[in-house]
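Undergrad: I am attaching a structure below and will ask some questions about it afterwards.
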Amino acid sequence: MMEKIACRSRRLLAGAAVSALLMGVVPAFAATPADTLVEAYALDEMITMDPGEAFELSTAEVNANIYDLLVRFDLADTTKVTSDLAESWTVSDDRLTYTFKLKPNLKFASGNPLTAQDVAYSFERVIKLDKSPAFILGQFGLTGDNVGEKAKAADALTFVFTVDKPYAPSFVLNCLASSVGAVVDKKLVSENAKAMTPGDDYKYDNDFGNDWLKTHSAGSGRFKLREWRASEAVVMDRNDNYWGEKARLARVIYRHMKESSAQRLALEAGDIDIARNLEPNDLEAVARKEDIALTSAPKGTVYYISLNQKNPNLAKPEVRQAFKYLIDYSAIGDTLIKGIGNVHQTFLPKGVLGELDETPFKLDVAKARELLEKAGLKDGFSVTMDTRNSQPVTGIAEAVQQTAAEAGIKIEIIPGDDKQTLTKYRARNHDIYIGQWGQDYFDPNSNAQTFASNPNNADDSNNQTLAWRNAWDVPELTKETEAALLESDPAKRVEMYRHLQKEVLENSPFAIIYQQTEVAGLRKNVQGFKLGPSPDTNFVGAVTKE
């Protein structure tokens with residue numbers, strides 16, 4: 001009897017602690033529950049939890065732990081994919097048909113069986129919802145009218161996907177391994193779909209559960225969504241119906257905490273288990289604590305400076321090269337991005353098929369002056385630079401402003417929030433812009449298409465690649481980028497992307513500065529936590545607490 005009372009008391013105490021954590025209140029004993037992982041994370045970008053709509057990095061991580069895919073990246077070799085729900089797959093000789101055999105006895109967190117009909121429905125709802133991530137599947141020729149034939153169940157365990165061109169199989173599989181490939185519970189979602197009146201704004205008679213899935217989940221992963229409070233917290237509970245090895249912890253809580261200093265203090269006090277957004281100074285501080293460890297992983301995000309080719313001075317080839325010699329990469333690497341990034345000058349991040357690890361540019365003011373004189377700009381010129389008012393972007397802008405002045409280029413920095421600067425950039429109304437680019441899917445085409453392709457350079461073009469945003473008209477590179485999509489030989493495809501990177505490195509209006517490194521500080525009693533190469537490879541199912 002006493003043992004039962006003690007167990008009940010512990011459950012009540014743990015429940016009270018979780019409630020306190022959700023409310024942002026520190027429990028009196030200043031420790032997180034033994035069966036719960038608490039992570040501090042900036043969650044203010046989240047707008048929906050629906051995997052058919054969500055396109056934010058933090059949501060991608062959460063959904064990766066809630067939903068399964070046909071295939072996933074092989075974390076031992078990210079140039080390959082490995083099975084998830086699919087036990088095996090084949091590609092037809094003409095490279096147009098992909099046939100996936102599902103593992104037997106799969107089921108969702110709801111207890112409903114998972115079949116090929118659920119996979120087909122998941123493809124259908126992505127295309128018909130037509131939200132931000134839909135282009136990843138839509139680029140294979142899928143439309144609302146043909147998706148039922150192009151993505152269909154042949155039987156309960158066989159899913160058949162037909163594409164419109166003989167793409168490189170690695171490209172197709174890499175796209176299916178992205179978040180948009182999440183498989184949802186058709187029965188549960190359909191039961192919660194909202195009736196719609198077809199019209200100009202919506203073509204179908206229901207919303208495919210979009211409104212409901214904004215705050216609920218319908219997956220088969222190791223966790224299920226318990227609660228999401230916008231800009232407050234996300235709570236995931238263990239999925240006890242999981243078809244594979246179940247999660248080790250009962251619950252995972254992401255607490256919204258935007259400031260690095262606040263995360264550091266909470267981590268040091270033991271109020272959280274993991275801090276996810278630590279800046280260099282706070283990283284150095286926690287690294288000196290005996291009860292805290294650091295872990296890191298390179299991410300597929302690159303930071304770059306771009307020069308709008310509508311500006312006649314910036315459009316000169318010599319000026320484009322001069323700018324690349326007016327960046328003090330070493331100083332930026334040693335200070336502003338210390339611990340959170342590594343100098344990187346090519347558009348494909350490390351870990352991606354075909355990445356070229358070359359860094360030929362370094363600060364050389366004399367070389368830059370020679371190039372400017374060759375361009376007829378011996379006395380320099382004035383120009384503006386749009387930057388977001390956050391670190392490390394502001395610091396990088398100020399550093400470039402100083403080194404450029406040594407060559408006679410006067411840069412006026414125009415700071416603004418992300419929405420302001422991005423809106424101006426997307427309208428091609430900038431001179432110079434400092435931005436970041438994260439891969440939409442883990443395939444070289446994601447970055448090659450945006451940095452090296454510009455099918456239509458007109459101002460009213462629907463084309464929104466970074467080459468277009470900077471009015472860089474490159475018909476030959478555009479053709480090469482398209483050709484790389486259709487190359488079936490992996491070795492030849494690698495060489496094509498390396499050639500594209502060399503061309504962009506030498507001749508483009510992009511000065512790529514560094515690749516992001518994601519770093520997390522964690523209490524040493526946390527075991528099994530690893531960061532992956534992308535947000536949707538940050539898995540927490542194997543995490544334990546001693």
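Quick note on naming: the chains in the structure tokens go A, B, ... in the order shown, residues restart at 1 in each chain, and ligands are numbered from 1 in order of appearance.
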Would you give me, as JSON lines, each residue of stretch 279-361 of chain A having an atom within 10 Å of an atom of stretch 489-505 of chain A, along with its shortest atom pair and that distance in Å to one decimal, using only C-alpha atoms and sorting by chain and residue number?
TA:
```
{"residue": "A:Gln321", "atom": "CA", "partner": "A:Leu505", "partner_atom": "CA", "distance": 9.3}
{"residue": "A:Lys324", "atom": "CA", "partner": "A:Leu505", "partner_atom": "CA", "distance": 9.3}
{"residue": "A:Gln345", "atom": "CA", "partner": "A:Leu505", "partner_atom": "CA", "distance": 7.1}
{"residue": "A:Thr346", "atom": "CA", "partner": "A:Gln501", "partner_atom": "CA", "distance": 6.0}
{"residue": "A:Phe347", "atom": "CA", "partner": "A:Gln501", "partner_atom": "CA", "distance": 6.4}
{"residue": "A:Leu348", "atom": "CA", "partner": "A:Gln501", "partner_atom": "CA", "distance": 7.5}
{"residue": "A:Val352", "atom": "CA", "partner": "A:Val494", "partner_atom": "CA", "distance": 9.9}
{"residue": "A:Leu353", "atom": "CA", "partner": "A:Val494", "partner_atom": "CA", "distance": 6.5}
{"residue": "A:Gly354", "atom": "CA", "partner": "A:Val494", "partner_atom": "CA", "distance": 4.3}
{"residue": "A:Glu355", "atom": "CA", "partner": "A:Arg498", "partner_atom": "CA", "distance": 6.7}
{"residue": "A:Leu356", "atom": "CA", "partner": "A:Arg498", "partner_atom": "CA", "distance": 5.8}
{"residue": "A:Asp357", "atom": "CA", "partner": "A:Arg498", "partner_atom": "CA", "distance": 9.5}
{"residue": "A:Glu358", "atom": "CA", "partner": "A:Lys502", "partner_atom": "CA", "distance": 8.8}
{"residue": "A:Thr359", "atom": "CA", "partner": "A:Leu505", "partner_atom": "CA", "distance": 9.1}
{"residue": "A:Pro360", "atom": "CA", "partner": "A:Leu505", "partner_atom": "CA", "distance": 8.9}
{"residue": "A:Phe361", "atom": "CA", "partner": "A:Leu505", "partner_atom": "CA", "distance": 9.3}
```
Undergrad: Using DSSP secondary structure from the backbone, list all alpha helix (DSSP H) positions within stretch 462-525 of chain A, as a ChimeraX atom specification.
TA: /A:466-469,475-485,490-507
Undergrad: Could you write those residues out with C-alpha atoms, as a PDB file, in the first residue's frame?
TA:
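What follows is the written file part-v4.pdb:
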```pdb
ATOM      1  CA  LEU A 466      18.486  33.766 -55.923  1.00  0.00           C
ATOM      2  CA  ALA A 467      20.073  34.221 -59.343  1.00  0.00           C
ATOM      3  CA  TRP A 468      16.834  35.929 -60.441  1.00  0.00           C
ATOM      4  CA  ARG A 469      16.645  38.070 -57.303  1.00  0.00           C
ATOM      5  CA  PRO A 475      21.207  30.800 -69.772  1.00  0.00           C
ATOM      6  CA  GLU A 476      24.081  28.329 -70.114  1.00  0.00           C
ATOM      7  CA  LEU A 477      24.311  27.569 -66.396  1.00  0.00           C
ATOM      8  CA  THR A 478      20.528  27.241 -66.317  1.00  0.00           C
ATOM      9  CA  LYS A 479      20.753  24.534 -68.993  1.00  0.00           C
ATOM     10  CA  GLU A 480      23.529  22.762 -67.086  1.00  0.00           C
ATOM     11  CA  THR A 481      21.458  22.808 -63.913  1.00  0.00           C
ATOM     12  CA  GLU A 482      18.505  21.230 -65.711  1.00  0.00           C
ATOM     13  CA  ALA A 483      20.777  18.620 -67.315  1.00  0.00           C
ATOM     14  CA  ALA A 484      22.142  17.573 -63.914  1.00  0.00           C
ATOM     15  CA  LEU A 485      18.603  16.613 -62.859  1.00  0.00           C
ATOM     16  CA  PRO A 490      25.945   9.331 -59.866  1.00  0.00           C
ATOM     17  CA  ALA A 491      29.623   9.980 -60.660  1.00  0.00           C
ATOM     18  CA  LYS A 492      28.775  12.148 -63.687  1.00  0.00           C
ATOM     19  CA  ARG A 493      26.136  13.980 -61.670  1.00  0.00           C
ATOM     20  CA  VAL A 494      28.746  14.782 -59.017  1.00  0.00           C
ATOM     21  CA  GLU A 495      31.077  16.243 -61.640  1.00  0.00           C
ATOM     22  CA  MET A 496      28.282  18.374 -63.094  1.00  0.00           C
ATOM     23  CA  TYR A 497      27.551  19.936 -59.707  1.00  0.00           C
ATOM     24  CA  ARG A 498      31.234  20.538 -59.055  1.00  0.00           C
ATOM     25  CA  HIS A 499      31.514  22.387 -62.349  1.00  0.00           C
ATOM     26  CA  LEU A 500      28.488  24.509 -61.475  1.00  0.00           C
ATOM     27  CA  GLN A 501      30.025  25.369 -58.123  1.00  0.00           C
ATOM     28  CA  LYS A 502      33.298  26.457 -59.734  1.00  0.00           C
ATOM     29  CA  GLU A 503      31.450  28.744 -62.143  1.00  0.00           C
ATOM     30  CA  VAL A 504      29.429  30.322 -59.347  1.00  0.00           C
ATOM     31  CA  LEU A 505      32.493  30.613 -57.134  1.00  0.00           C
ATOM     32  CA  GLU A 506      34.505  32.500 -59.751  1.00  0.00           C
ATOM     33  CA  ASN A 507      31.956  34.476 -61.727  1.00  0.00           C
TER      34      ASN A 507
END
```
Undergrad: Using only C-alpha atoms, which residue out of A:Ile513, A:Leu486, A:Leu69, A:Ala116 lies closest to A:Asp164?
TA: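 Going through A:Ile513, A:Leu486, A:Leu69, A:Ala116 one by one, the smallest distance to A:Asp164 is for A:Leu486.
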Undergrad: Set the distance at 10 Å and use only C-alpha atoms: which residues neighbour stretch 435-440 of chain A once local chain neighbours fewer than 5 positions away are removed? I'd like the list as JSON, numbers by chain.
TA: {"A": [55, 57, 133, 135, 136, 175, 178, 179, 180, 299, 300, 301, 302, 303, 304, 305, 306, 347, 348, 349, 386, 387, 388, 393, 418, 421, 422, 425, 445, 446, 447, 450, 451, 466, 512, 513, 514, 515, 516, 534]}
Undergrad: Which is closer to A:Ile272 than all the others in A:Leu173, A:Ile327, A:Ala250, A:Ala34, using only C-alpha atoms?
TA: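 The answer is A:Ala34, which sits nearest to A:Ile272.
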Undergrad: Go through A:Ala168, A:Ala331, A:Ala120, A:Leu249 and flag the residue nearest A:Gly148, using only C-alpha atoms for the distances.
TA: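 Using only C-alpha atoms, A:Gly148 sits closest to A:Ala120.
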Undergrad: Neighbours of stretch 37-47 of chain A within 6 Å (only C-alpha atoms; same-chain residues fewer than 6 positions away dropped), as a list in words?
TA: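 What passes the distance filter is Ser231, Val252, Ile253, Tyr254, Arg255, His256, Met257, Lys258, Ile272, Asp273, Ile274, Ala275 and Arg276 of chain A.
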Undergrad: Those residues with N, CA and C atoms, as a PDB file, in the first residue's frame please?
TA:
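Written output follows (part.pdb):
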```
ATOM      1  N   SER A 231       4.471  30.414 -29.791  1.00  0.00           N
ATOM      2  CA  SER A 231       5.488  31.226 -29.115  1.00  0.00           C
ATOM      3  C   SER A 231       5.567  30.945 -27.613  1.00  0.00           C
ATOM      4  N   VAL A 252       8.617  14.995 -24.453  1.00  0.00           N
ATOM      5  CA  VAL A 252       9.609  15.993 -24.853  1.00  0.00           C
ATOM      6  C   VAL A 252       8.910  17.348 -24.900  1.00  0.00           C
ATOM      7  N   ILE A 253       9.515  18.340 -24.257  1.00  0.00           N
ATOM      8  CA  ILE A 253       8.956  19.691 -24.239  1.00  0.00           C
ATOM      9  C   ILE A 253       9.956  20.646 -24.869  1.00  0.00           C
ATOM     10  N   TYR A 254       9.499  21.397 -25.883  1.00  0.00           N
ATOM     11  CA  TYR A 254      10.280  22.509 -26.427  1.00  0.00           C
ATOM     12  C   TYR A 254       9.716  23.792 -25.809  1.00  0.00           C
ATOM     13  N   ARG A 255      10.497  24.482 -25.020  1.00  0.00           N
ATOM     14  CA  ARG A 255      10.068  25.755 -24.436  1.00  0.00           C
ATOM     15  C   ARG A 255      10.602  26.905 -25.283  1.00  0.00           C
ATOM     16  N   HIS A 256       9.701  27.795 -25.680  1.00  0.00           N
ATOM     17  CA  HIS A 256      10.134  28.961 -26.447  1.00  0.00           C
ATOM     18  C   HIS A 256      10.973  29.874 -25.561  1.00  0.00           C
ATOM     19  N   MET A 257      12.203  30.072 -25.978  1.00  0.00           N
ATOM     20  CA  MET A 257      13.124  30.942 -25.256  1.00  0.00           C
ATOM     21  C   MET A 257      14.070  31.509 -26.305  1.00  0.00           C
ATOM     22  N   LYS A 258      13.869  32.750 -26.696  1.00  0.00           N
ATOM     23  CA  LYS A 258      14.567  33.303 -27.853  1.00  0.00           C
ATOM     24  C   LYS A 258      15.973  33.777 -27.538  1.00  0.00           C
ATOM     25  N   ILE A 272      16.327  23.580 -17.634  1.00  0.00           N
ATOM     26  CA  ILE A 272      16.147  22.923 -18.929  1.00  0.00           C
ATOM     27  C   ILE A 272      17.256  21.888 -19.087  1.00  0.00           C
ATOM     28  N   ASP A 273      17.030  20.952 -19.966  1.00  0.00           N
ATOM     29  CA  ASP A 273      18.036  19.913 -20.222  1.00  0.00           C
ATOM     30  C   ASP A 273      18.963  20.274 -21.371  1.00  0.00           C
ATOM     31  N   ILE A 274      18.419  21.014 -22.352  1.00  0.00           N
ATOM     32  CA  ILE A 274      19.188  21.332 -23.562  1.00  0.00           C
ATOM     33  C   ILE A 274      18.887  22.769 -23.981  1.00  0.00           C
ATOM     34  N   ALA A 275      19.935  23.517 -24.348  1.00  0.00           N
ATOM     35  CA  ALA A 275      19.799  24.867 -24.900  1.00  0.00           C
ATOM     36  C   ALA A 275      20.191  24.809 -26.364  1.00  0.00           C
ATOM     37  N   ARG A 276      19.314  25.321 -27.246  1.00  0.00           N
ATOM     38  CA  ARG A 276      19.491  25.104 -28.670  1.00  0.00           C
ATOM     39  C   ARG A 276      19.926  26.344 -29.462  1.00  0.00           C
TER      40      ARG A 276
END
```
Undergrad: Using DSSP secondary structure from the backbone, list all strand (DSSP E or B) positions within stretch 201-418 of chain A, as a PDB file with N, CA and C atoms, in the first residue's frame.
TA:
```
ATOM      1  N   ASN A 206     -13.390  20.014 -49.332  1.00  0.00           N
ATOM      2  CA  ASN A 206     -12.933  19.893 -47.945  1.00  0.00           C
ATOM      3  C   ASN A 206     -11.492  20.374 -47.845  1.00  0.00           C
ATOM      4  N   PHE A 223       6.790   9.775 -31.525  1.00  0.00           N
ATOM      5  CA  PHE A 223       6.074  10.691 -30.647  1.00  0.00           C
ATOM      6  C   PHE A 223       4.788  11.143 -31.315  1.00  0.00           C
ATOM      7  N   LYS A 224       3.902  11.707 -30.526  1.00  0.00           N
ATOM      8  CA  LYS A 224       2.677  12.323 -31.030  1.00  0.00           C
ATOM      9  C   LYS A 224       2.536  13.685 -30.362  1.00  0.00           C
ATOM     10  N   LEU A 225       1.881  14.593 -31.053  1.00  0.00           N
ATOM     11  CA  LEU A 225       1.729  15.948 -30.530  1.00  0.00           C
ATOM     12  C   LEU A 225       0.696  15.967 -29.413  1.00  0.00           C
ATOM     13  N   ARG A 226       1.101  16.484 -28.266  1.00  0.00           N
ATOM     14  CA  ARG A 226       0.179  16.670 -27.137  1.00  0.00           C
ATOM     15  C   ARG A 226      -0.396  18.083 -27.164  1.00  0.00           C
ATOM     16  N   GLU A 227       0.504  19.076 -27.427  1.00  0.00           N
ATOM     17  CA  GLU A 227       0.063  20.457 -27.366  1.00  0.00           C
ATOM     18  C   GLU A 227       1.068  21.367 -28.057  1.00  0.00           C
ATOM     19  N   TRP A 228       0.548  22.386 -28.710  1.00  0.00           N
ATOM     20  CA  TRP A 228       1.378  23.472 -29.234  1.00  0.00           C
ATOM     21  C   TRP A 228       0.743  24.789 -28.841  1.00  0.00           C
ATOM     22  N   ARG A 229       1.499  25.594 -28.125  1.00  0.00           N
ATOM     23  CA  ARG A 229       1.085  26.945 -27.788  1.00  0.00           C
ATOM     24  C   ARG A 229       2.018  27.894 -28.530  1.00  0.00           C
ATOM     25  N   ALA A 233       5.271  26.948 -26.239  1.00  0.00           N
ATOM     26  CA  ALA A 233       5.817  25.604 -26.057  1.00  0.00           C
ATOM     27  C   ALA A 233       5.213  24.616 -27.041  1.00  0.00           C
ATOM     28  N   VAL A 234       5.982  23.549 -27.295  1.00  0.00           N
ATOM     29  CA  VAL A 234       5.487  22.375 -28.007  1.00  0.00           C
ATOM     30  C   VAL A 234       5.733  21.179 -27.094  1.00  0.00           C
ATOM     31  N   VAL A 235       4.700  20.341 -26.946  1.00  0.00           N
ATOM     32  CA  VAL A 235       4.817  19.156 -26.097  1.00  0.00           C
ATOM     33  C   VAL A 235       4.512  17.922 -26.925  1.00  0.00           C
ATOM     34  N   MET A 236       5.408  16.951 -26.885  1.00  0.00           N
ATOM     35  CA  MET A 236       5.211  15.672 -27.566  1.00  0.00           C
ATOM     36  C   MET A 236       5.199  14.554 -26.525  1.00  0.00           C
ATOM     37  N   ASP A 237       4.255  13.635 -26.664  1.00  0.00           N
ATOM     38  CA  ASP A 237       4.196  12.446 -25.822  1.00  0.00           C
ATOM     39  C   ASP A 237       4.670  11.235 -26.606  1.00  0.00           C
ATOM     40  N   ARG A 238       5.208  10.254 -25.888  1.00  0.00           N
ATOM     41  CA  ARG A 238       5.644   9.016 -26.534  1.00  0.00           C
ATOM     42  C   ARG A 238       4.453   8.335 -27.202  1.00  0.00           C
ATOM     43  N   ARG A 251       8.093  11.969 -22.580  1.00  0.00           N
ATOM     44  CA  ARG A 251       7.635  13.278 -23.071  1.00  0.00           C
ATOM     45  C   ARG A 251       8.840  14.141 -23.454  1.00  0.00           C
ATOM     46  N   VAL A 252       8.617  14.995 -24.453  1.00  0.00           N
ATOM     47  CA  VAL A 252       9.609  15.993 -24.853  1.00  0.00           C
ATOM     48  C   VAL A 252       8.910  17.348 -24.900  1.00  0.00           C
ATOM     49  N   ILE A 253       9.515  18.340 -24.257  1.00  0.00           N
ATOM     50  CA  ILE A 253       8.956  19.691 -24.239  1.00  0.00           C
ATOM     51  C   ILE A 253       9.956  20.646 -24.869  1.00  0.00           C
ATOM     52  N   TYR A 254       9.499  21.397 -25.883  1.00  0.00           N
ATOM     53  CA  TYR A 254      10.280  22.509 -26.427  1.00  0.00           C
ATOM     54  C   TYR A 254       9.716  23.792 -25.809  1.00  0.00           C
ATOM     55  N   ARG A 255      10.497  24.482 -25.020  1.00  0.00           N
ATOM     56  CA  ARG A 255      10.068  25.755 -24.436  1.00  0.00           C
ATOM     57  C   ARG A 255      10.602  26.905 -25.283  1.00  0.00           C
ATOM     58  N   HIS A 256       9.701  27.795 -25.680  1.00  0.00           N
ATOM     59  CA  HIS A 256      10.134  28.961 -26.447  1.00  0.00           C
ATOM     60  C   HIS A 256      10.973  29.874 -25.561  1.00  0.00           C
ATOM     61  N   ILE A 274      18.419  21.014 -22.352  1.00  0.00           N
ATOM     62  CA  ILE A 274      19.188  21.332 -23.562  1.00  0.00           C
ATOM     63  C   ILE A 274      18.887  22.769 -23.981  1.00  0.00           C
ATOM     64  N   ALA A 275      19.935  23.517 -24.348  1.00  0.00           N
ATOM     65  CA  ALA A 275      19.799  24.867 -24.900  1.00  0.00           C
ATOM     66  C   ALA A 275      20.191  24.809 -26.364  1.00  0.00           C
ATOM     67  N   ILE A 292      27.942  20.477 -17.848  1.00  0.00           N
ATOM     68  CA  ILE A 292      27.344  20.769 -19.152  1.00  0.00           C
ATOM     69  C   ILE A 292      28.273  20.304 -20.267  1.00  0.00           C
ATOM     70  N   ALA A 293      27.709  19.705 -21.303  1.00  0.00           N
ATOM     71  CA  ALA A 293      28.476  19.273 -22.476  1.00  0.00           C
ATOM     72  C   ALA A 293      27.952  20.010 -23.702  1.00  0.00           C
ATOM     73  N   LEU A 294      28.760  20.037 -24.748  1.00  0.00           N
ATOM     74  CA  LEU A 294      28.369  20.647 -26.016  1.00  0.00           C
ATOM     75  C   LEU A 294      28.364  19.591 -27.107  1.00  0.00           C
ATOM     76  N   THR A 295      27.417  19.707 -28.017  1.00  0.00           N
ATOM     77  CA  THR A 295      27.410  18.860 -29.203  1.00  0.00           C
ATOM     78  C   THR A 295      27.104  19.731 -30.400  1.00  0.00           C
ATOM     79  N   SER A 296      27.591  19.342 -31.557  1.00  0.00           N
ATOM     80  CA  SER A 296      27.400  20.184 -32.743  1.00  0.00           C
ATOM     81  C   SER A 296      27.323  19.327 -34.000  1.00  0.00           C
ATOM     82  N   ALA A 297      26.817  19.955 -35.073  1.00  0.00           N
ATOM     83  CA  ALA A 297      26.754  19.295 -36.376  1.00  0.00           C
ATOM     84  C   ALA A 297      26.649  20.361 -37.456  1.00  0.00           C
ATOM     85  N   PRO A 298      27.348  20.189 -38.574  1.00  0.00           N
ATOM     86  CA  PRO A 298      27.184  21.133 -39.691  1.00  0.00           C
ATOM     87  C   PRO A 298      25.787  21.014 -40.271  1.00  0.00           C
ATOM     88  N   LYS A 299      25.182  22.169 -40.597  1.00  0.00           N
ATOM     89  CA  LYS A 299      23.841  22.180 -41.159  1.00  0.00           C
ATOM     90  C   LYS A 299      23.906  22.591 -42.630  1.00  0.00           C
ATOM     91  N   GLY A 300      22.818  22.327 -43.355  1.00  0.00           N
ATOM     92  CA  GLY A 300      22.790  22.640 -44.782  1.00  0.00           C
ATOM     93  C   GLY A 300      22.384  24.067 -45.063  1.00  0.00           C
ATOM     94  N   THR A 301      22.821  25.018 -44.238  1.00  0.00           N
ATOM     95  CA  THR A 301      22.500  26.430 -44.419  1.00  0.00           C
ATOM     96  C   THR A 301      23.783  27.198 -44.685  1.00  0.00           C
ATOM     97  N   VAL A 302      23.793  28.009 -45.755  1.00  0.00           N
ATOM     98  CA  VAL A 302      24.957  28.834 -46.058  1.00  0.00           C
ATOM     99  C   VAL A 302      24.567  30.303 -45.981  1.00  0.00           C
ATOM    100  N   TYR A 303      25.499  31.127 -45.521  1.00  0.00           N
ATOM    101  CA  TYR A 303      25.319  32.575 -45.454  1.00  0.00           C
ATOM    102  C   TYR A 303      26.122  33.205 -46.593  1.00  0.00           C
ATOM    103  N   TYR A 304      25.550  34.224 -47.218  1.00  0.00           N
ATOM    104  CA  TYR A 304      26.172  34.781 -48.411  1.00  0.00           C
ATOM    105  C   TYR A 304      25.905  36.279 -48.520  1.00  0.00           C
ATOM    106  N   ILE A 305      26.741  36.945 -49.310  1.00  0.00           N
ATOM    107  CA  ILE A 305      26.514  38.324 -49.720  1.00  0.00           C
ATOM    108  C   ILE A 305      26.199  38.295 -51.209  1.00  0.00           C
ATOM    109  N   SER A 306      25.152  39.006 -51.629  1.00  0.00           N
ATOM    110  CA  SER A 306      24.806  39.016 -53.053  1.00  0.00           C
ATOM    111  C   SER A 306      24.779  40.440 -53.587  1.00  0.00           C
ATOM    112  N   LEU A 307      25.136  40.578 -54.840  1.00  0.00           N
ATOM    113  CA  LEU A 307      25.246  41.874 -55.511  1.00  0.00           C
ATOM    114  C   LEU A 307      24.224  41.937 -56.637  1.00  0.00           C
ATOM    115  N   GLY A 341      29.597  28.285 -36.921  1.00  0.00           N
ATOM    116  CA  GLY A 341      29.747  28.220 -38.369  1.00  0.00           C
ATOM    117  C   GLY A 341      31.191  28.017 -38.761  1.00  0.00           C
ATOM    118  N   ASN A 342      31.392  27.592 -39.993  1.00  0.00           N
ATOM    119  CA  ASN A 342      32.731  27.410 -40.543  1.00  0.00           C
ATOM    120  C   ASN A 342      32.806  28.073 -41.911  1.00  0.00           C
ATOM    121  N   VAL A 343      33.938  28.718 -42.185  1.00  0.00           N
ATOM    122  CA  VAL A 343      34.119  29.381 -43.476  1.00  0.00           C
ATOM    123  C   VAL A 343      33.890  28.374 -44.598  1.00  0.00           C
ATOM    124  N   PHE A 381      33.274  53.647 -55.371  1.00  0.00           N
ATOM    125  CA  PHE A 381      31.902  54.104 -55.596  1.00  0.00           C
ATOM    126  C   PHE A 381      31.108  53.902 -54.309  1.00  0.00           C
ATOM    127  N   SER A 382      29.894  54.408 -54.284  1.00  0.00           N
ATOM    128  CA  SER A 382      29.022  54.272 -53.116  1.00  0.00           C
ATOM    129  C   SER A 382      27.899  53.290 -53.418  1.00  0.00           C
ATOM    130  N   VAL A 383      27.465  52.574 -52.377  1.00  0.00           N
ATOM    131  CA  VAL A 383      26.455  51.539 -52.554  1.00  0.00           C
ATOM    132  C   VAL A 383      25.783  51.285 -51.213  1.00  0.00           C
ATOM    133  N   THR A 384      24.592  50.690 -51.226  1.00  0.00           N
ATOM    134  CA  THR A 384      23.897  50.365 -49.976  1.00  0.00           C
ATOM    135  C   THR A 384      23.898  48.862 -49.741  1.00  0.00           C
ATOM    136  N   MET A 385      23.756  48.465 -48.479  1.00  0.00           N
ATOM    137  CA  MET A 385      23.704  47.050 -48.102  1.00  0.00           C
ATOM    138  C   MET A 385      22.541  46.839 -47.130  1.00  0.00           C
ATOM    139  N   ASP A 386      21.583  45.997 -47.510  1.00  0.00           N
ATOM    140  CA  ASP A 386      20.459  45.671 -46.637  1.00  0.00           C
ATOM    141  C   ASP A 386      20.823  44.486 -45.746  1.00  0.00           C
ATOM    142  N   THR A 387      20.602  44.662 -44.443  1.00  0.00           N
ATOM    143  CA  THR A 387      20.946  43.607 -43.499  1.00  0.00           C
ATOM    144  C   THR A 387      19.860  43.474 -42.444  1.00  0.00           C
ATOM    145  N   ARG A 388      19.675  42.266 -41.961  1.00  0.00           N
ATOM    146  CA  ARG A 388      18.788  42.066 -40.822  1.00  0.00           C
ATOM    147  C   ARG A 388      19.488  42.542 -39.553  1.00  0.00           C
ATOM    148  N   ILE A 409      35.318  51.599 -51.663  1.00  0.00           N
ATOM    149  CA  ILE A 409      33.881  51.343 -51.789  1.00  0.00           C
ATOM    150  C   ILE A 409      33.197  51.779 -50.496  1.00  0.00           C
ATOM    151  N   LYS A 410      32.292  52.738 -50.612  1.00  0.00           N
ATOM    152  CA  LYS A 410      31.590  53.268 -49.437  1.00  0.00           C
ATOM    153  C   LYS A 410      30.233  52.574 -49.329  1.00  0.00           C
ATOM    154  N   ILE A 411      30.056  51.800 -48.278  1.00  0.00           N
ATOM    155  CA  ILE A 411      28.827  51.035 -48.092  1.00  0.00           C
ATOM    156  C   ILE A 411      27.978  51.681 -47.000  1.00  0.00           C
ATOM    157  N   GLU A 412      26.742  51.987 -47.341  1.00  0.00           N
ATOM    158  CA  GLU A 412      25.768  52.449 -46.346  1.00  0.00           C
ATOM    159  C   GLU A 412      24.932  51.245 -45.918  1.00  0.00           C
ATOM    160  N   ILE A 413      24.992  50.903 -44.638  1.00  0.00           N
ATOM    161  CA  ILE A 413      24.231  49.759 -44.129  1.00  0.00           C
ATOM    162  C   ILE A 413      22.804  50.198 -43.816  1.00  0.00           C
ATOM    163  N   ILE A 414      21.829  49.470 -44.364  1.00  0.00           N
ATOM    164  CA  ILE A 414      20.413  49.737 -44.096  1.00  0.00           C
ATOM    165  C   ILE A 414      19.859  48.562 -43.291  1.00  0.00           C
ATOM    166  N   PRO A 415      19.747  48.715 -41.969  1.00  0.00           N
ATOM    167  CA  PRO A 415      19.252  47.601 -41.150  1.00  0.00           C
ATOM    168  C   PRO A 415      17.725  47.513 -41.180  1.00  0.00           C
ATOM    169  N   GLY A 416      17.209  46.339 -40.911  1.00  0.00           N
ATOM    170  CA  GLY A 416      15.760  46.145 -40.839  1.00  0.00           C
ATOM    171  C   GLY A 416      15.461  44.767 -40.293  1.00  0.00           C
TER     172      GLY A 416
END
```
Undergrad: Pick out the residues sitting within 6 Å of stretch 212-221 of chain A, and hand them over as number ranges by chain; count only C-alpha atoms, and ignore anything fewer than 5 positions along from it in its own chain.
TA: A: 48-50, 65-68, 108-109, 184-185
Undergrad: As an exercise, work out the distance from atom CA of A:Leu363 to atom CA of A:Gly380 in Å and give it to one decimal place.
TA: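 Here the two named atoms are 17.2 Å from each other.
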Undergrad: Could you give me, as a PyMOL selection string, the residues within 10 Å of A:Thr79, counting only C-alpha atoms and dropping anything in the same chain fewer than 6 positions from it?
TA: chain A and resi 73+170+174+351-354+442-444
